[in-house]
Amino acid sequence: MNIANLSFSALPPISVPFRYFISAAIFLILTGFLILFSGEAVWLSRWHPTMLAITHLFTLGFISMVMMGAIYQFLPVIGGVGIANVRMVATISHALHTIGTLALSWSFIVPNTVISVIAMLTLGVGFTLYVCAVANVLIKKLSQGQTIIGMRLAMLSLVVVVTFGILFLAQKNLMPIELGAISDKNFTDIHALLGGFGWAGVLILAASLQIIPMFHVTPSFPKLLAKYMPAALIALLSLLFVFKPSSTNGQVVITLVLVMYSIFNLTFLKLFKQRKRKVVDTSIQFWQFAGISFIALTCLHFLPDTWFLELFAGNKALLISGMFIYFFLVSIIEAMLLKITPFLTYTHLQTLCLSNFTAMAHLPHMHELLLKKHGRWLFYLHLCSCSTLISTLAFTQLYQLFALTMLAEFSWLLFLILRCLHLYKQSLAKINNCV
Amino acid sequence: MDIIEVNVSALAPPEPMQVILSSLAALPSDAVLKVFHRREPFPLYEQLIANGWLYHSKQLAEESFVIYIANEKDKLSFSDFIILNA
């Protein structure tokens with residue numbers, strides 16, 4: 001009987017993941033305001049300082065923020081081992097991550113050495129603490145091997161991405177440090193590619209090996225894909241240190257990465273088709289939208305640069321990276337949030353009922369925590385903001401329309417998360433009275 | 001011990017936990033709940049122990065687990081049951 005030697009920690013307090021989710025929505029509301037007041041010129045190049053700030057608000061402020069928050073919860077559920085001193089780790093790393101992201105974005109728009117150094121220190125220390133805490137769990141022998149291996153590879157990518165980011169900041173602000181080759185734009189591309197396809201992409205891939213079959217009751221992913229794709233992707237991305245992204249060989253590597261991710265997307269689209277219970281689920285619509293968008297952006301990648309001259313002012317890189325972040329990553333993050341926000345809330349309440357079954361009468365229905373129609377509205381708002389983003393990339397004068405639809409979408413997301421938390425507190429009070 | 005069986009393998013979260021909770025609430029004394037699950041419900045284990053329940057889990061196949069749960073009051077008969085049946 002397994003009554004002793006429990007090696008795992010309890011689920012973290014609900015405040016741990018929720019502080020990350022709430023901050024993530026707030027970051028994109030801030031981003032919406034930034035876009036609204038930044039003017040049209042921002043949309044002409046991905047190297048525009050404000051565009052760099054916007055990109056990092058998306059990647060650090062939203063995508064990484066949600067994924068980091070979800071990992072706290074994911075590890076004990078999937079691997080059976082939680083992060084030690086989780087409350088302390090979350091409080092410190094979340095605070096440093098928030099300050100660092102704000103400071104970094106600020107330093108892009110208004111270059112300032114002090115603010116840049118604050119960004120360097122807070123992001124450096126914050127990520128170090130977080131990565132060490134997660135690595136301390138990931139080095140253990142855990143169940144669900146393929147997912148855990150994928151998470152290890154994603155964390156490894158994160159370490160490289162953050163190290164590059166810190167070096168870029170150091171070089172920019174702490175002259176006379178001479179970092180030689182690092183100033184090459186190719187390293188900025190590696191930083192971006194590893195961040196998008198290594199850290200975010202491989203983590204999503206690894207998590208989806210568990211999340212899609214578990215939450216949507218689909219067949220499992222094919223064994224070959226689950227076993228080899230995360231490692232193959234990281235191996236391919238590592239080749240970019242040998243073949244510069246701008247070189248012909250580098251472009252071949254990037255194309256292979258896109259093709260591999262397209263296979264992953266086609267696979268999960270097929271799994272959703274094979275569900276036994278085909279109930280309408282907005283979370284699945286987000287996944288499907290993300291999958292189809294990724295395949296579309298891969299097709300766009302194959303089109304010659306001249307094709308983009310008339311429609312997108314030749315800005316192929318901005319179009320593809322914008323689609324990757326907003327149509328693919330943000331859609332999947334929202335798909336996950338729609339599932340895990342009510343699920344986490346419900347699970348925390350449910351476990352309290354084990355000590356007194358009469359308290360089950362006070363459990364809300366999980367769908368009350370996040371109403372299906374509210375989820376649908378989020379999806380419609382996302383479709384609106386995606387179409388205004390594409391319009392803005394084609395006709396930059398439409399940027400305010402994108403900002404407004406984005407503000408509507410992420411204000412709504414924030415409302416949904418806060419509503420869920422409010423209902424949790426109400427139900428918790430009733431259950432505690434009963435227990 | 002009497003065995004009450006539930007199969008939650010094809011259910012989406014949080015339904016497995018709902019079924020397990022309802023079954024435990026109705027579990028007669030000196031009975032064991034036998035749960036067929038697609039994965040190991042790790043967070044449940046800790047809560048079971050904390051709330052006076054015993055469990056024993058066994059992997060049957062790659063995505064097939066069986067979890068036996070009994071009340072702590074029936075510890076001796078549960079131990080015998082596990083030795084004989086699991």
# chains A, B, ... in the order shown; residues from 1 in each chain; ligands from 1

call {"tool": "interface_residues", "arguments": {"of": "chain B", "to": "chain A", "cutoff": "8 Å", "atoms": "only C-alpha atoms", "output": "MDAnalysis selection string"}}
result
chainID B and resid 10:14 17:18 21 25 41:44 46:49 51:52 54:57 79 82

call {"tool": "residues_around", "arguments": {"residues": "Ala26 of chain B", "least_positions_apart": "3", "cutoff": "12 Å", "atoms": "only C-alpha atoms", "output": "list in words"}}
result
Phe357 and Thr358 of chain A; Ile4, Val19, Ile20, Leu21, Ser22, Ser23, Ser29, Ala31, Val32, Leu33, Ala70 and Asn71 of chain B

call {"tool": "write_last_selection", "arguments": {"atoms": "N, CA, C and O atoms", "output": "short mmCIF file (atom, residue, chain, number, x, y, z; two decimals), in the first residue's frame"}}
result
data_model
loop_
_atom_site.label_atom_id
_atom_site.label_comp_id
_atom_site.auth_asym_id
_atom_site.auth_seq_id
_atom_site.Cartn_x
_atom_site.Cartn_y
_atom_site.Cartn_z
N PHE A 357 -17.82 14.62 2.66
CA PHE A 357 -18.52 14.47 1.39
C PHE A 357 -19.77 15.33 1.28
O PHE A 357 -20.24 15.62 0.19
N THR A 358 -20.31 15.77 2.43
CA THR A 358 -21.51 16.61 2.35
C THR A 358 -21.18 17.96 1.71
O THR A 358 -22.06 18.63 1.17
N ILE B 4 -16.10 -2.47 -5.23
CA ILE B 4 -16.96 -1.61 -6.05
C ILE B 4 -16.07 -1.10 -7.19
O ILE B 4 -15.04 -0.49 -6.93
N VAL B 19 -16.52 11.18 -10.20
CA VAL B 19 -16.97 9.79 -10.05
C VAL B 19 -16.32 9.16 -8.82
O VAL B 19 -16.99 8.49 -8.02
N ILE B 20 -15.02 9.41 -8.65
CA ILE B 20 -14.31 8.80 -7.51
C ILE B 20 -14.88 9.34 -6.19
O ILE B 20 -15.15 8.58 -5.26
N LEU B 21 -15.09 10.66 -6.13
CA LEU B 21 -15.63 11.26 -4.90
C LEU B 21 -17.01 10.69 -4.57
O LEU B 21 -17.27 10.30 -3.43
N SER B 22 -17.88 10.63 -5.57
CA SER B 22 -19.23 10.12 -5.34
C SER B 22 -19.18 8.66 -4.90
O SER B 22 -19.92 8.24 -4.00
N SER B 23 -18.28 7.90 -5.51
CA SER B 23 -18.17 6.48 -5.16
C SER B 23 -17.63 6.30 -3.74
O SER B 23 -18.09 5.43 -3.00
N SER B 29 -18.63 0.23 4.58
CA SER B 29 -17.43 -0.11 5.36
C SER B 29 -16.98 -1.51 4.94
O SER B 29 -17.78 -2.35 4.50
N ALA B 31 -15.27 -2.20 2.38
CA ALA B 31 -15.33 -2.37 0.92
C ALA B 31 -14.16 -1.61 0.32
O ALA B 31 -13.60 -0.71 0.94
N VAL B 32 -13.80 -2.01 -0.88
CA VAL B 32 -12.70 -1.34 -1.56
C VAL B 32 -13.20 -0.80 -2.91
O VAL B 32 -14.00 -1.44 -3.58
N LEU B 33 -12.76 0.40 -3.21
CA LEU B 33 -13.13 1.00 -4.50
C LEU B 33 -12.02 0.68 -5.51
O LEU B 33 -10.85 0.99 -5.25
N ALA B 70 -9.43 2.38 -0.06
CA ALA B 70 -10.26 1.91 1.06
C ALA B 70 -10.11 2.87 2.23
O ALA B 70 -9.16 3.66 2.28
N ASN B 71 -11.03 2.77 3.15
CA ASN B 71 -10.98 3.64 4.32
C ASN B 71 -9.87 3.18 5.27
O ASN B 71 -9.63 1.97 5.40
#

call {"tool": "closest_residue", "arguments": {"among": "A:Leu96, A:Val137, A:Ile148, A:Ala170", "to": "Ser116 of chain A", "atoms": "only C-alpha atoms"}}
result
A:Ala170

call {"tool": "atom_distance", "arguments": {"atom1": "atom CA of Val114 of chain A", "atom2": "atom CA of Leu44 of chain A"}}
result
28.5 Å

call {"tool": "atom_distance", "arguments": {"atom1": "atom CA of Phe241 of chain A", "atom2": "atom CA of Val202 of chain A"}}
result
18.3 Å

call {"tool": "residues_around", "arguments": {"residues": "Ser9 of chain B", "least_positions_apart": "4", "cutoff": "9 Å", "atoms": "only C-alpha atoms", "output": "list in words"}}
result
Pro16, Val35, Phe36, His37, Arg38, Arg39, Glu63, Ser64 and Phe65 of chain B

call {"tool": "atom_distance", "arguments": {"atom1": "atom CA of Ile333 of chain A", "atom2": "atom CA of Thr59 of chain A"}}
result
11.4 Å

call {"tool": "select_by_dssp", "arguments": {"residues": "segment 62-310 of chain A", "states": "alpha helix (DSSP H)", "output": "number ranges by chain"}}
result
A: 65-78, 86-109, 113-138, 145-173, 185-193, 201-216, 223-238, 248-273, 282-302, 307-310

call {"tool": "select_by_dssp", "arguments": {"residues": "chain B", "states": "strand (DSSP E)", "output": "NGL selection string"}}
result
:B and (2-7 or 31-37 or 53-61 or 64-71)

call {"tool": "closest_residue", "arguments": {"among": "B:Glu40, B:Asp74, B:Glu15, B:Asp2", "to": "Ala61 of chain B", "atoms": "only C-alpha atoms"}}
result
B:Glu40

call {"tool": "closest_residue", "arguments": {"among": "B:Ala50, B:Val8, B:Ile3, B:Leu84", "to": "Tyr68 of chain B", "atoms": "only C-alpha atoms"}}
result
B:Ile3

call {"tool": "closest_residue", "arguments": {"among": "A:Leu236, A:Leu104, A:Ile204, A:Ala70", "to": "Thr55 of chain A", "atoms": "only C-alpha atoms"}}
result
A:Leu104

call {"tool": "decode", "arguments": {"residues": "segment 83-100 of chain A", "atoms": "N, CA, C and O atoms", "output": "tab-separated table (two decimals), in the first residue's frame"}}
result
chain	number	residue	atom	x	y	z
A	83	ILE	N	7.15	21.56	-7.19
A	83	ILE	CA	8.31	22.42	-6.93
A	83	ILE	C	8.40	22.70	-5.43
A	83	ILE	O	7.39	23.00	-4.79
A	84	ALA	N	9.61	22.56	-4.90
A	84	ALA	CA	9.81	22.81	-3.47
A	84	ALA	C	9.67	24.30	-3.18
A	84	ALA	O	10.00	25.14	-4.03
A	85	ASN	N	9.19	24.64	-2.00
A	85	ASN	CA	8.98	26.03	-1.58
A	85	ASN	C	8.27	26.84	-2.67
A	85	ASN	O	8.67	27.95	-3.01
A	86	VAL	N	7.22	26.26	-3.18
A	86	VAL	CA	6.58	26.82	-4.38
A	86	VAL	C	6.07	28.25	-4.16
A	86	VAL	O	6.19	29.10	-5.05
A	87	ARG	N	5.53	28.53	-2.98
A	87	ARG	CA	4.98	29.86	-2.74
A	87	ARG	C	6.09	30.93	-2.82
A	87	ARG	O	5.91	31.97	-3.44
A	88	MET	N	7.23	30.61	-2.19
A	88	MET	CA	8.33	31.58	-2.18
A	88	MET	C	8.91	31.76	-3.60
A	88	MET	O	9.13	32.88	-4.06
A	89	VAL	N	9.14	30.63	-4.26
A	89	VAL	CA	9.70	30.69	-5.63
A	89	VAL	C	8.78	31.51	-6.53
A	89	VAL	O	9.22	32.40	-7.27
A	90	ALA	N	7.48	31.23	-6.44
A	90	ALA	CA	6.52	31.92	-7.32
A	90	ALA	C	6.47	33.41	-7.01
A	90	ALA	O	6.45	34.24	-7.92
A	91	THR	N	6.47	33.75	-5.72
A	91	THR	CA	6.36	35.17	-5.34
A	91	THR	C	7.55	35.95	-5.87
A	91	THR	O	7.40	37.00	-6.50
A	92	ILE	N	8.75	35.41	-5.65
A	92	ILE	CA	9.95	36.15	-6.05
A	92	ILE	C	10.10	36.16	-7.57
A	92	ILE	O	10.28	37.22	-8.19
A	93	SER	N	9.98	34.99	-8.20
A	93	SER	CA	10.25	34.96	-9.65
A	93	SER	C	9.15	35.70	-10.42
A	93	SER	O	9.45	36.36	-11.42
A	94	HIS	N	7.93	35.64	-9.94
A	94	HIS	CA	6.86	36.37	-10.64
A	94	HIS	C	7.08	37.88	-10.53
A	94	HIS	O	6.95	38.61	-11.51
A	95	ALA	N	7.45	38.33	-9.33
A	95	ALA	CA	7.68	39.77	-9.14
A	95	ALA	C	8.84	40.24	-10.02
A	95	ALA	O	8.74	41.27	-10.72
A	96	LEU	N	9.93	39.47	-10.02
A	96	LEU	CA	11.10	39.87	-10.82
A	96	LEU	C	10.79	39.82	-12.32
A	96	LEU	O	11.22	40.68	-13.08
A	97	HIS	N	10.02	38.81	-12.71
A	97	HIS	CA	9.65	38.66	-14.12
A	97	HIS	C	8.79	39.85	-14.57
A	97	HIS	O	8.97	40.40	-15.66
A	98	THR	N	7.87	40.25	-13.71
A	98	THR	CA	6.98	41.37	-14.04
A	98	THR	C	7.78	42.67	-14.16
A	98	THR	O	7.66	43.39	-15.15
A	99	ILE	N	8.61	42.94	-13.15
A	99	ILE	CA	9.42	44.17	-13.17
A	99	ILE	C	10.36	44.15	-14.37
A	99	ILE	O	10.49	45.13	-15.10
A	100	GLY	N	11.00	43.00	-14.59
A	100	GLY	CA	11.96	42.87	-15.69
A	100	GLY	C	11.33	43.09	-17.05
A	100	GLY	O	11.90	43.77	-17.92
